[in-house]
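Asker: Data: data_10.cif, mmCIF, C-alpha atoms and all ligand atoms.
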```
data_data
loop_
_atom_site.group_PDB
_atom_site.id
_atom_site.type_symbol
_atom_site.label_atom_id
_atom_site.label_comp_id
_atom_site.auth_asym_id
_atom_site.auth_seq_id
_atom_site.Cartn_x
_atom_site.Cartn_y
_atom_site.Cartn_z
ATOM 1 C CA MET A 294 142.138 167.840 -37.867
ATOM 2 C CA SER A 295 144.740 168.835 -40.440
ATOM 3 C CA GLN A 296 143.750 169.363 -44.049
ATOM 4 C CA SER A 297 145.623 166.975 -46.221
ATOM 5 C CA SER A 298 146.651 166.336 -49.786
ATOM 6 C CA GLN A 299 147.095 163.315 -51.944
ATOM 7 C CA LEU A 300 150.572 161.888 -52.463
ATOM 8 C CA GLU A 301 151.225 160.690 -56.009
ATOM 9 C CA VAL A 302 154.280 158.699 -57.047
ATOM 10 C CA GLN A 303 154.350 158.584 -60.839
ATOM 11 C CA GLY A 304 156.680 156.298 -62.761
ATOM 12 C CA VAL A 305 159.588 156.692 -60.349
ATOM 13 C CA THR A 306 162.873 155.043 -61.232
ATOM 14 C CA LEU A 307 165.909 155.422 -58.961
ATOM 15 C CA THR A 308 169.292 154.280 -60.223
ATOM 16 C CA PHE A 309 172.508 153.790 -58.270
ATOM 17 C CA GLY A 310 175.564 153.171 -60.438
ATOM 18 C CA GLY A 311 173.536 151.543 -63.201
ATOM 19 C CA ILE A 312 171.407 149.429 -60.858
ATOM 20 C CA ASN A 313 167.757 150.240 -60.352
ATOM 21 C CA ALA A 314 166.705 150.433 -56.691
ATOM 22 C CA LEU A 315 163.244 151.406 -58.009
ATOM 23 C CA THR A 316 161.827 150.779 -61.475
ATOM 24 C CA ASP A 317 158.830 152.708 -62.776
ATOM 25 C CA VAL A 318 156.976 152.744 -59.446
ATOM 26 C CA SER A 319 153.568 154.446 -59.385
ATOM 27 C CA LEU A 320 151.289 154.611 -56.384
ATOM 28 C CA THR A 321 148.742 156.847 -54.697
ATOM 29 C CA VAL A 322 148.353 157.696 -51.021
ATOM 30 C CA PRO A 323 144.895 159.228 -50.502
ATOM 31 C CA PRO A 324 144.495 161.716 -47.644
ATOM 32 C CA GLY A 325 143.506 160.203 -44.319
ATOM 33 C CA GLU A 326 144.563 156.644 -45.089
ATOM 34 C CA ILE A 327 147.154 154.360 -43.518
ATOM 35 C CA VAL A 328 149.128 153.039 -46.474
ATOM 36 C CA SER A 329 151.784 150.373 -45.979
ATOM 37 C CA ILE A 330 154.692 149.622 -48.258
ATOM 38 C CA ILE A 331 155.945 146.086 -47.846
ATOM 39 C CA GLY A 332 158.396 143.793 -49.591
ATOM 40 C CA PRO A 333 161.363 141.529 -48.915
ATOM 41 C CA ASN A 334 164.721 142.943 -47.778
ATOM 42 C CA GLY A 335 166.316 145.150 -50.403
ATOM 43 C CA ALA A 336 163.028 145.569 -52.299
ATOM 44 C CA GLY A 337 163.373 149.353 -52.367
ATOM 45 C CA LYS A 338 161.039 150.439 -49.546
ATOM 46 C CA THR A 339 163.450 152.799 -47.794
ATOM 47 C CA SER A 340 164.654 154.111 -51.164
ATOM 48 C CA LEU A 341 161.065 155.062 -51.977
ATOM 49 C CA LEU A 342 160.667 156.796 -48.614
ATOM 50 C CA ASN A 343 163.944 158.620 -49.267
ATOM 51 C CA CYS A 344 162.581 159.833 -52.620
ATOM 52 C CA ILE A 345 159.356 161.066 -51.015
ATOM 53 C CA SER A 346 161.183 162.867 -48.204
ATOM 54 C CA GLY A 347 163.736 164.548 -50.479
ATOM 55 C CA PHE A 348 166.845 162.606 -49.408
ATOM 56 C CA TYR A 349 167.060 161.043 -52.874
ATOM 57 C CA HIS A 350 165.782 162.488 -56.129
ATOM 58 C CA PRO A 351 164.215 160.089 -58.643
ATOM 59 C CA THR A 352 166.267 159.424 -61.756
ATOM 60 C CA ARG A 353 162.990 159.433 -63.690
ATOM 61 C CA GLY A 354 159.381 160.075 -62.760
ATOM 62 C CA ARG A 355 157.595 162.532 -60.523
ATOM 63 C CA ILE A 356 156.353 162.750 -56.947
ATOM 64 C CA THR A 357 153.685 165.261 -55.952
ATOM 65 C CA PHE A 358 151.907 166.116 -52.717
ATOM 66 C CA GLY A 359 148.799 168.112 -53.538
ATOM 67 C CA HIS A 360 150.078 170.857 -55.844
ATOM 68 C CA HIS A 361 153.678 170.593 -54.573
ATOM 69 C CA ASP A 362 156.282 168.832 -56.705
ATOM 70 C CA LEU A 363 158.623 166.837 -54.436
ATOM 71 C CA SER A 364 160.777 165.331 -57.181
ATOM 72 C CA ARG A 365 163.663 167.792 -56.780
ATOM 73 C CA ALA A 366 162.790 169.258 -53.383
ATOM 74 C CA ALA A 367 165.295 169.218 -50.499
ATOM 75 C CA PRO A 368 164.272 167.462 -47.245
ATOM 76 C CA ASN A 369 163.571 170.721 -45.366
ATOM 77 C CA VAL A 370 161.361 171.908 -48.218
ATOM 78 C CA VAL A 371 159.428 168.625 -48.152
ATOM 79 C CA THR A 372 158.992 169.050 -44.385
ATOM 80 C CA GLY A 373 157.672 172.546 -45.050
ATOM 81 C CA TYR A 374 154.997 171.046 -47.321
ATOM 82 C CA GLY A 375 153.690 169.069 -44.334
ATOM 83 C CA ILE A 376 155.528 165.753 -44.634
ATOM 84 C CA ALA A 377 157.427 164.497 -41.577
ATOM 85 C CA ARG A 378 159.395 161.322 -41.160
ATOM 86 C CA ALA A 379 160.210 159.067 -38.237
ATOM 87 C CA PHE A 380 163.475 157.308 -38.951
ATOM 88 C CA GLN A 381 164.301 153.638 -38.621
ATOM 89 C CA ASN A 382 167.589 154.548 -36.946
ATOM 90 C CA LEU A 383 166.365 157.112 -34.500
ATOM 91 C CA GLU A 384 167.235 160.721 -35.290
ATOM 92 C CA LEU A 385 167.380 161.761 -31.649
ATOM 93 C CA PHE A 386 170.006 163.418 -29.476
ATOM 94 C CA ARG A 387 170.617 160.768 -26.841
ATOM 95 C CA GLY A 388 172.005 163.197 -24.241
ATOM 96 C CA LEU A 389 169.016 165.541 -24.467
ATOM 97 C CA SER A 390 165.705 164.985 -22.734
ATOM 98 C CA VAL A 391 162.514 164.010 -24.534
ATOM 99 C CA VAL A 392 161.104 167.514 -24.321
ATOM 100 C CA GLU A 393 164.400 169.091 -25.463
ATOM 101 C CA ASN A 394 164.544 166.793 -28.489
ATOM 102 C CA MET A 395 161.018 167.725 -29.439
ATOM 103 C CA LEU A 396 161.507 171.469 -28.960
ATOM 104 C CA LEU A 397 164.706 171.301 -30.984
ATOM 105 C CA ALA A 398 162.943 169.507 -33.841
ATOM 106 C CA ARG A 399 160.158 172.060 -33.899
ATOM 107 C CA HIS A 400 162.616 174.977 -33.730
ATOM 108 C CA THR A 401 164.881 173.601 -36.423
ATOM 109 C CA HIS A 402 162.114 173.024 -38.910
ATOM 110 C CA LEU A 403 159.756 175.872 -38.101
ATOM 111 C CA ARG A 404 162.275 178.532 -37.143
ATOM 112 C CA TYR A 405 161.825 182.210 -37.657
ATOM 113 C CA GLY A 406 164.636 183.998 -39.478
ATOM 114 C CA LEU A 407 167.005 186.006 -37.275
ATOM 115 C CA LEU A 408 165.942 189.314 -38.795
ATOM 116 C CA SER A 409 162.258 188.695 -38.390
ATOM 117 C CA SER A 410 162.891 187.501 -34.824
ATOM 118 C CA LEU A 411 164.746 190.735 -34.023
ATOM 119 C CA ALA A 412 162.303 192.976 -35.833
ATOM 120 C CA PHE A 413 159.232 191.313 -34.417
ATOM 121 C CA TYR A 414 160.351 190.231 -30.980
ATOM 122 C CA GLY A 415 156.779 189.959 -29.801
ATOM 123 C CA ARG A 416 155.884 187.636 -32.610
ATOM 124 C CA ALA A 417 158.981 185.487 -32.011
ATOM 125 C CA SER A 418 158.242 185.076 -28.325
ATOM 126 C CA ARG A 419 154.609 184.331 -29.071
ATOM 127 C CA GLN A 420 155.877 181.690 -31.488
ATOM 128 C CA GLU A 421 158.102 180.289 -28.741
ATOM 129 C CA ALA A 422 155.118 179.947 -26.401
ATOM 130 C CA GLU A 423 153.126 178.267 -29.169
ATOM 131 C CA ASN A 424 155.993 175.845 -29.833
ATOM 132 C CA ARG A 425 156.098 174.838 -26.179
ATOM 133 C CA ALA A 426 152.341 174.411 -26.002
ATOM 134 C CA TYR A 427 152.382 172.301 -29.176
ATOM 135 C CA VAL A 428 155.162 170.067 -27.865
ATOM 136 C CA GLU A 429 153.248 169.598 -24.604
ATOM 137 C CA ARG A 430 150.179 168.461 -26.540
ATOM 138 C CA VAL A 431 152.266 165.902 -28.453
ATOM 139 C CA ILE A 432 153.853 164.650 -25.204
ATOM 140 C CA ASP A 433 150.373 164.208 -23.794
ATOM 141 C CA PHE A 434 149.066 162.510 -26.949
ATOM 142 C CA MET A 435 152.008 160.077 -27.127
ATOM 143 C CA GLU A 436 151.784 159.390 -23.375
ATOM 144 C CA LEU A 437 155.364 160.474 -22.708
ATOM 145 C CA GLU A 438 154.739 162.576 -19.564
ATOM 146 C CA GLN A 439 156.652 160.298 -17.232
ATOM 147 C CA HIS A 440 159.693 160.288 -19.564
ATOM 148 C CA ARG A 441 159.673 163.968 -20.531
ATOM 149 C CA SER A 442 162.763 165.028 -18.530
ATOM 150 C CA HIS A 443 164.839 161.893 -19.054
ATOM 151 C CA PRO A 444 167.779 161.841 -21.461
ATOM 152 C CA VAL A 445 166.595 159.858 -24.480
ATOM 153 C CA GLY A 446 169.623 157.548 -24.341
ATOM 154 C CA THR A 447 168.519 156.234 -20.933
ATOM 155 C CA LEU A 448 165.047 155.175 -22.091
ATOM 156 C CA ALA A 449 163.970 151.674 -23.118
ATOM 157 C CA TYR A 450 164.267 151.117 -26.883
ATOM 158 C CA GLY A 451 160.499 150.901 -27.352
ATOM 159 C CA ILE A 452 160.051 154.280 -25.669
ATOM 160 C CA GLN A 453 162.827 155.777 -27.811
ATOM 161 C CA LYS A 454 160.939 154.626 -30.925
ATOM 162 C CA ARG A 455 157.845 156.347 -29.545
ATOM 163 C CA VAL A 456 159.859 159.544 -28.949
ATOM 164 C CA GLU A 457 161.046 159.368 -32.564
ATOM 165 C CA VAL A 458 157.417 159.327 -33.758
ATOM 166 C CA ALA A 459 156.620 162.144 -31.309
ATOM 167 C CA ARG A 460 159.558 164.149 -32.694
ATOM 168 C CA ALA A 461 158.060 163.871 -36.176
ATOM 169 C CA LEU A 462 154.609 164.847 -34.856
ATOM 170 C CA THR A 463 155.949 168.096 -33.386
ATOM 171 C CA LEU A 464 156.281 169.281 -37.001
ATOM 172 C CA ALA A 465 152.468 169.168 -37.288
ATOM 173 C CA PRO A 466 152.571 167.045 -40.453
ATOM 174 C CA LYS A 467 149.706 166.303 -42.821
ATOM 175 C CA LEU A 468 151.554 163.165 -43.896
ATOM 176 C CA LEU A 469 153.697 161.062 -41.571
ATOM 177 C CA LEU A 470 156.283 158.636 -42.981
ATOM 178 C CA LEU A 471 157.107 155.787 -40.587
ATOM 179 C CA ASP A 472 160.091 153.587 -41.395
ATOM 180 C CA GLU A 473 159.749 150.358 -39.392
ATOM 181 C CA PRO A 474 158.396 151.998 -36.225
ATOM 182 C CA MET A 475 157.972 148.593 -34.560
ATOM 183 C CA ALA A 476 161.330 147.026 -35.418
ATOM 184 C CA GLY A 477 162.967 145.470 -32.374
ATOM 185 C CA MET A 478 159.923 145.920 -30.142
ATOM 186 C CA ASN A 479 158.336 143.344 -27.854
ATOM 187 C CA VAL A 480 154.659 142.400 -28.234
ATOM 188 C CA GLU A 481 153.398 144.912 -25.689
ATOM 189 C CA GLU A 482 155.402 147.768 -27.205
ATOM 190 C CA LYS A 483 154.086 146.835 -30.655
ATOM 191 C CA GLU A 484 150.497 146.907 -29.414
ATOM 192 C CA ASP A 485 151.097 150.371 -27.990
ATOM 193 C CA MET A 486 152.620 151.605 -31.249
ATOM 194 C CA VAL A 487 149.715 150.196 -33.268
ATOM 195 C CA ARG A 488 147.313 152.092 -31.013
ATOM 196 C CA PHE A 489 149.296 155.313 -31.459
ATOM 197 C CA ILE A 490 149.390 154.946 -35.253
ATOM 198 C CA LEU A 491 145.623 154.406 -35.369
ATOM 199 C CA ASP A 492 145.079 157.435 -33.107
ATOM 200 C CA ILE A 493 147.397 159.541 -35.275
ATOM 201 C CA GLN A 494 145.192 158.695 -38.238
ATOM 202 C CA ARG A 495 141.778 158.818 -36.587
ATOM 203 C CA GLU A 496 142.143 161.551 -33.979
ATOM 204 C CA GLN A 497 144.710 163.791 -35.678
ATOM 205 C CA GLY A 498 143.543 163.150 -39.247
ATOM 206 C CA ILE A 499 147.130 162.603 -40.367
ATOM 207 C CA THR A 500 147.825 160.419 -43.392
ATOM 208 C CA VAL A 501 150.346 157.664 -42.629
ATOM 209 C CA VAL A 502 152.782 155.860 -44.915
ATOM 210 C CA LEU A 503 154.210 152.870 -43.104
ATOM 211 C CA ILE A 504 157.091 150.538 -43.854
ATOM 212 C CA GLU A 505 156.748 147.511 -41.624
ATOM 213 C CA HIS A 506 157.861 143.891 -41.679
ATOM 214 C CA ASP A 507 155.248 142.574 -39.242
ATOM 215 C CA MET A 508 152.590 141.331 -41.668
ATOM 216 C CA GLY A 509 149.995 140.810 -38.951
ATOM 217 C CA VAL A 510 150.189 144.487 -38.046
ATOM 218 C CA VAL A 511 150.268 145.631 -41.674
ATOM 219 C CA MET A 512 147.199 143.625 -42.639
ATOM 220 C CA ASP A 513 145.344 144.756 -39.507
ATOM 221 C CA ILE A 514 145.781 148.500 -39.684
ATOM 222 C CA SER A 515 146.333 149.413 -43.349
ATOM 223 C CA ASP A 516 143.652 150.859 -45.592
ATOM 224 C CA ARG A 517 145.877 150.040 -48.548
ATOM 225 C CA VAL A 518 149.035 148.013 -49.067
ATOM 226 C CA TYR A 519 151.647 148.287 -51.842
ATOM 227 C CA VAL A 520 154.178 145.528 -52.431
ATOM 228 C CA LEU A 521 157.655 146.092 -53.825
ATOM 229 C CA ASP A 522 159.894 143.307 -55.060
ATOM 230 C CA PHE A 523 163.327 143.976 -56.607
ATOM 231 C CA GLY A 524 162.378 147.641 -56.975
ATOM 232 C CA GLN A 525 159.159 146.960 -58.844
ATOM 233 C CA LEU A 526 155.604 147.375 -57.652
ATOM 234 C CA ILE A 527 154.038 143.930 -57.922
ATOM 235 C CA ALA A 528 150.709 144.537 -56.171
ATOM 236 C CA GLY A 529 148.623 147.225 -54.525
ATOM 237 C CA GLY A 530 145.177 147.489 -52.974
ATOM 238 C CA ARG A 531 143.124 146.486 -49.955
ATOM 239 C CA PRO A 532 145.056 144.263 -47.495
ATOM 240 C CA GLU A 533 142.826 141.217 -47.989
ATOM 241 C CA VAL A 534 143.265 141.407 -51.761
ATOM 242 C CA VAL A 535 147.019 141.930 -51.616
ATOM 243 C CA SER A 536 147.600 139.152 -49.077
ATOM 244 C CA ALA A 537 145.888 136.645 -51.366
ATOM 245 C CA ASP A 538 147.778 137.732 -54.493
ATOM 246 C CA PRO A 539 149.929 134.825 -55.798
ATOM 247 C CA ARG A 540 152.722 137.232 -56.878
ATOM 248 C CA VAL A 541 152.921 138.556 -53.327
ATOM 249 C CA ILE A 542 152.932 135.086 -51.797
ATOM 250 C CA GLU A 543 155.660 134.073 -54.218
ATOM 251 C CA ALA A 544 157.762 137.153 -53.411
ATOM 252 C CA TYR A 545 157.610 136.285 -49.725
ATOM 253 C CA THR A 546 157.727 132.511 -49.758
ATOM 254 C CA GLY A 547 159.041 131.690 -53.211
ATOM 255 C CA VAL A 548 156.271 129.082 -53.383
ATOM 256 C CA ALA A 549 153.122 130.399 -55.019
ATOM 257 C CA GLU A 550 151.533 126.960 -55.174
ATOM 258 C CA GLU A 551 151.196 126.717 -51.422
ATOM 259 C CA LYS A 552 148.501 129.390 -51.648
ATOM 260 C CA GLN A 553 149.087 130.407 -48.072
ATOM 261 C CA ALA A 554 147.890 133.960 -47.628
ATOM 262 C CA VAL A 555 150.527 136.360 -46.352
ATOM 263 C CA GLY A 556 150.108 137.269 -42.728
ATOM 264 C CA VAL A 557 147.062 135.133 -42.049
HETATM 265 N N1 LIG A 601 172.722 155.031 -51.321
HETATM 266 C C1 LIG A 601 172.716 153.870 -52.004
HETATM 267 N N2 LIG A 601 173.718 153.548 -52.847
HETATM 268 C C2 LIG A 601 173.702 152.388 -53.536
HETATM 269 N N3 LIG A 601 172.711 151.481 -53.474
HETATM 270 C C3 LIG A 601 171.691 151.750 -52.649
HETATM 271 C C4 LIG A 601 171.608 152.946 -51.866
HETATM 272 N N4 LIG A 601 170.447 152.936 -51.148
HETATM 273 C C5 LIG A 601 169.851 151.782 -51.470
HETATM 274 N N5 LIG A 601 170.574 151.075 -52.355
HETATM 275 C C6 LIG A 601 170.223 149.764 -52.940
HETATM 276 O O1 LIG A 601 168.887 149.832 -53.361
HETATM 277 C C7 LIG A 601 168.228 148.585 -53.136
HETATM 278 C C8 LIG A 601 166.997 148.814 -52.295
HETATM 279 O O2 LIG A 601 167.395 149.134 -50.955
HETATM 280 P P1 LIG A 601 166.374 149.635 -49.842
HETATM 281 O O3 LIG A 601 167.170 149.932 -48.612
HETATM 282 O O4 LIG A 601 165.545 150.728 -50.390
HETATM 283 O O5 LIG A 601 165.482 148.334 -49.614
HETATM 284 P P2 LIG A 601 164.436 148.024 -48.457
HETATM 285 O O6 LIG A 601 163.274 147.401 -49.104
HETATM 286 O O7 LIG A 601 164.202 149.238 -47.643
HETATM 287 O O8 LIG A 601 165.230 146.947 -47.612
HETATM 288 P P3 LIG A 601 165.151 146.596 -46.023
HETATM 289 O O9 LIG A 601 163.826 145.953 -45.794
HETATM 290 O O10 LIG A 601 166.285 145.636 -45.851
HETATM 291 O O11 LIG A 601 165.334 147.885 -45.266
HETATM 292 C C9 LIG A 601 169.233 147.662 -52.471
HETATM 293 O O12 LIG A 601 169.804 146.850 -53.469
HETATM 294 C C10 LIG A 601 170.258 148.625 -51.917
HETATM 295 O O13 LIG A 601 171.514 148.042 -51.832
#
```
Using structure tokens, write down the structure from this file.
Answerer:
Amino acid sequence: MSQSSQLEVQGVTLTFGGINALTDVSLTVPPGEIVSIIGPNGAGKTSLLNCISGFYHPTRGRITFGHHDLSRAAPNVVTGYGIARAFQNLELFRGLSVVENMLLARHTHLRYGLLSSLAFYGRASRQEAENRAYVERVIDFMELEQHRSHPVGTLAYGIQKRVEVARALTLAPKLLLLDEPMAGMNVEEKEDMVRFILDIQREQGITVVLIEHDMGVVMDISDRVYVLDFGQLIAGGRPEVVSADPRVIEAYTGVAEEKQAVGV
């Protein structure tokens, strides 16, 4: 089990050309939880994930992970703090096999400097063996054995999404950011992904931040749900509380009076 830290987003505003993609967003992701960020299209979910993972820097506000300040950190630095991300548009090399993609990800992010590799050849080769062993464990955990040698581009889309999550796991994260891991999947593939996400949390002890449009899934597996609408946080808390919140129902349906709970 990995030791984890709390993620804190404090008063984050993100402005593009005078328009706020995020306005004064504050939320907490406690270690060990599955926390979902939901909201209608264009609500700012991916922008928030980009701020956490260092692709964007907040215009105002602060993001911390334990004692690390992420607000101005570059993506590779954020990865070094133990935060990995699985991308909505897969970040995989389609011509390379599953195992090659995973080894490459681990090498790229956890590489030894050239000098230290030359000076400490033994240590570098020991590291290489450890990398391979780690990747094998992730392949086993994500049930990718039968696909390991296949070029990623030849795999079914649902399997490619699973490889993308596996790629992120090879970085041994404490916190895993998942941007719509179930988008475009059929029911069976979704059920598999749900099982993997729960195992990632329960067996690996990894904290998960999830962006997902399937409300049934979100309400089922989340410990906590935050709702963005037009860049503002309009609700946050336990799924059953959030799904009954009139502001959330209105954001989704535009009709608060109907009092139909979201996702149920
Ligand atoms: N690089 C950018 N430059 C300009 N505007 C941007 C940029 N990235 C995001 N935005 C704007 O910020 C707002 C929030 O977009 P974002 O992609 O974060 O929403 P989202 O909730 O993830 O939407 P979806 O569910 O459709 O993925 C949108 O109005 C979008 O056009």
Asker: I'd like the box whose edges run along x, y and z of the file and which contains every listed atom of ligand LIG 601 (chain A), padded by 8 Å per side; could you state its centre and edge lengths in Å, one decimal, as JSON?
Answerer:
```
{"center_x": 168.5, "center_y": 150.3, "center_z": -49.4, "size_x": 26.4, "size_y": 25.4, "size_z": 24.3}
```
Asker: Could you state the separation of atom CA of A:Tyr519 and atom CA of A:Ile330 in Å, given to one decimal place?
Answerer: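 Calculated distance between atom CA of A:Tyr519 and atom CA of A:Ile330 is 4.9 Å.
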Asker: Using only C-alpha atoms, which protein or nucleic acid residues come within 12 Å of A:Arg531? Drop anything in the same chain fewer than 6 positions from it, and give the result as a PDB file with C-alpha atoms, in the coordinates of the input.
Answerer:
```pdb
ATOM      1  CA  GLU A 326     144.563 156.644 -45.089  1.00  0.00           C
ATOM      2  CA  ILE A 327     147.154 154.360 -43.518  1.00  0.00           C
ATOM      3  CA  VAL A 328     149.128 153.039 -46.474  1.00  0.00           C
ATOM      4  CA  SER A 329     151.784 150.373 -45.979  1.00  0.00           C
ATOM      5  CA  VAL A 511     150.268 145.631 -41.674  1.00  0.00           C
ATOM      6  CA  MET A 512     147.199 143.625 -42.639  1.00  0.00           C
ATOM      7  CA  ASP A 513     145.344 144.756 -39.507  1.00  0.00           C
ATOM      8  CA  ILE A 514     145.781 148.500 -39.684  1.00  0.00           C
ATOM      9  CA  SER A 515     146.333 149.413 -43.349  1.00  0.00           C
ATOM     10  CA  ASP A 516     143.652 150.859 -45.592  1.00  0.00           C
ATOM     11  CA  ARG A 517     145.877 150.040 -48.548  1.00  0.00           C
ATOM     12  CA  VAL A 518     149.035 148.013 -49.067  1.00  0.00           C
ATOM     13  CA  TYR A 519     151.647 148.287 -51.842  1.00  0.00           C
ATOM     14  CA  VAL A 520     154.178 145.528 -52.431  1.00  0.00           C
ATOM     15  CA  ALA A 537     145.888 136.645 -51.366  1.00  0.00           C
ATOM     16  CA  ASP A 538     147.778 137.732 -54.493  1.00  0.00           C
TER      17      ASP A 538
END
```
Asker: Work out how far apart atom CA of A:Gly304 and atom C6 of ligand LIG 601 (chain A) are and give it in Å to one decimal.
Answerer: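 So the two atoms, atom CA of A:Gly304 and atom C6 of ligand LIG 601 (chain A), lie 18.0 Å apart.
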Asker: Ligand LIG 601 (chain A): which residues are within 7 Å, counting all atoms listed in the file, as a PyMOL selection string?
Answerer: chain A and resi 309+314+332-341+524
Asker: Need the shell around A:Pro466: protein/DNA/RNA residues with any atom at most 8 Å away, counting all atoms listed in the file. Skip same-chain ones fewer than 4 positions apart. Format as an NGL selection string?
Answerer: :A and (372 or 375-377 or 461-462 or 499)
Asker: Determine the residue set returned by the PyMOL selection byres (((chain A and resi 354) around 10) and not hetatm) for the present structure, and present it as number ranges by chain.
Answerer: A: 302-307, 316-319, 350-353, 355-356, 364
Asker: Mind pulling up the distance from atom CA of A:Gln299 to atom CA of A:Glu496?
Answerer: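 Atom CA of A:Glu496 sits 18.7 Å away from atom CA of A:Gln299.
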Asker: With only C-alpha atoms as the atoms that count, which of A:Ala544, A:Leu470, A:Leu300, A:Glu429 lies nearest to A:Asp522?
Answerer: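 Of all the options, A:Ala544 lies closest to A:Asp522.
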Asker: Starting from the displayed file, determine the output of the PyMOL selection byres (((chain A and resi 486) around 10) and not hetatm) and express the residue list as a PyMOL selection string.
Answerer: chain A and resi 435+451-452+454-455+458+474-475+478+480-485+487-492
Asker: Since I can't run it myself right now, could you work out what the PyMOL selection byres (((chain A and resi 396-403) around 9) and not hetatm) selects here and report it as number ranges by chain?
Answerer: A: 369, 372-373, 391-395, 404-405, 421, 424-425, 428, 460-461, 463-465
Asker: Would you put the residues from that selection into a file with C-alpha atoms, as a PDB file, keeping the file's coordinate frame?
Answerer:
```
ATOM      1  CA  ASN A 369     163.571 170.721 -45.366  1.00  0.00           C
ATOM      2  CA  THR A 372     158.992 169.050 -44.385  1.00  0.00           C
ATOM      3  CA  GLY A 373     157.672 172.546 -45.050  1.00  0.00           C
ATOM      4  CA  VAL A 391     162.514 164.010 -24.534  1.00  0.00           C
ATOM      5  CA  VAL A 392     161.104 167.514 -24.321  1.00  0.00           C
ATOM      6  CA  GLU A 393     164.400 169.091 -25.463  1.00  0.00           C
ATOM      7  CA  ASN A 394     164.544 166.793 -28.489  1.00  0.00           C
ATOM      8  CA  MET A 395     161.018 167.725 -29.439  1.00  0.00           C
ATOM      9  CA  ARG A 404     162.275 178.532 -37.143  1.00  0.00           C
ATOM     10  CA  TYR A 405     161.825 182.210 -37.657  1.00  0.00           C
ATOM     11  CA  GLU A 421     158.102 180.289 -28.741  1.00  0.00           C
ATOM     12  CA  ASN A 424     155.993 175.845 -29.833  1.00  0.00           C
ATOM     13  CA  ARG A 425     156.098 174.838 -26.179  1.00  0.00           C
ATOM     14  CA  VAL A 428     155.162 170.067 -27.865  1.00  0.00           C
ATOM     15  CA  ARG A 460     159.558 164.149 -32.694  1.00  0.00           C
ATOM     16  CA  ALA A 461     158.060 163.871 -36.176  1.00  0.00           C
ATOM     17  CA  THR A 463     155.949 168.096 -33.386  1.00  0.00           C
ATOM     18  CA  LEU A 464     156.281 169.281 -37.001  1.00  0.00           C
ATOM     19  CA  ALA A 465     152.468 169.168 -37.288  1.00  0.00           C
TER      20      ALA A 465
END
```
Asker: Name the residues in contact with stretch 344-349 of chain A at a cut-off of 7 Å, using all atoms listed in the file, excluding same-chain residues fewer than 5 positions from it; report them as a list in words.
Answerer: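 Returned residues: Ile356, Leu363, Ala366, Ala367, Pro368 and Val371 of chain A.
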Asker: Could you please take those selected residues and save C-alpha atoms as a PDB file, in the coordinates of the input?
Answerer:
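Result saved to selection-v6.pdb:
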```pdb
ATOM      1  CA  ILE A 356     156.353 162.750 -56.947  1.00  0.00           C
ATOM      2  CA  LEU A 363     158.623 166.837 -54.436  1.00  0.00           C
ATOM      3  CA  ALA A 366     162.790 169.258 -53.383  1.00  0.00           C
ATOM      4  CA  ALA A 367     165.295 169.218 -50.499  1.00  0.00           C
ATOM      5  CA  PRO A 368     164.272 167.462 -47.245  1.00  0.00           C
ATOM      6  CA  VAL A 371     159.428 168.625 -48.152  1.00  0.00           C
TER       7      VAL A 371
END
```
Asker: Which neighbours of stretch 385-388 of chain A fall inside 8 Å, counting only C-alpha atoms, when residues of the same chain fewer than 2 positions from it are skipped, and could you give them as a ChimeraX atom specification?
Answerer: /A:383,390,394,444-447,457
Asker: With distances taken over all atoms listed in the file, which residue among A:Ala379, A:Arg540, A:Tyr545, A:Glu505 lies nearest A:Ile331?
Answerer: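 Of A:Ala379, A:Arg540, A:Tyr545, A:Glu505, the one nearest A:Ile331, counting all atoms listed in the file, is A:Glu505.
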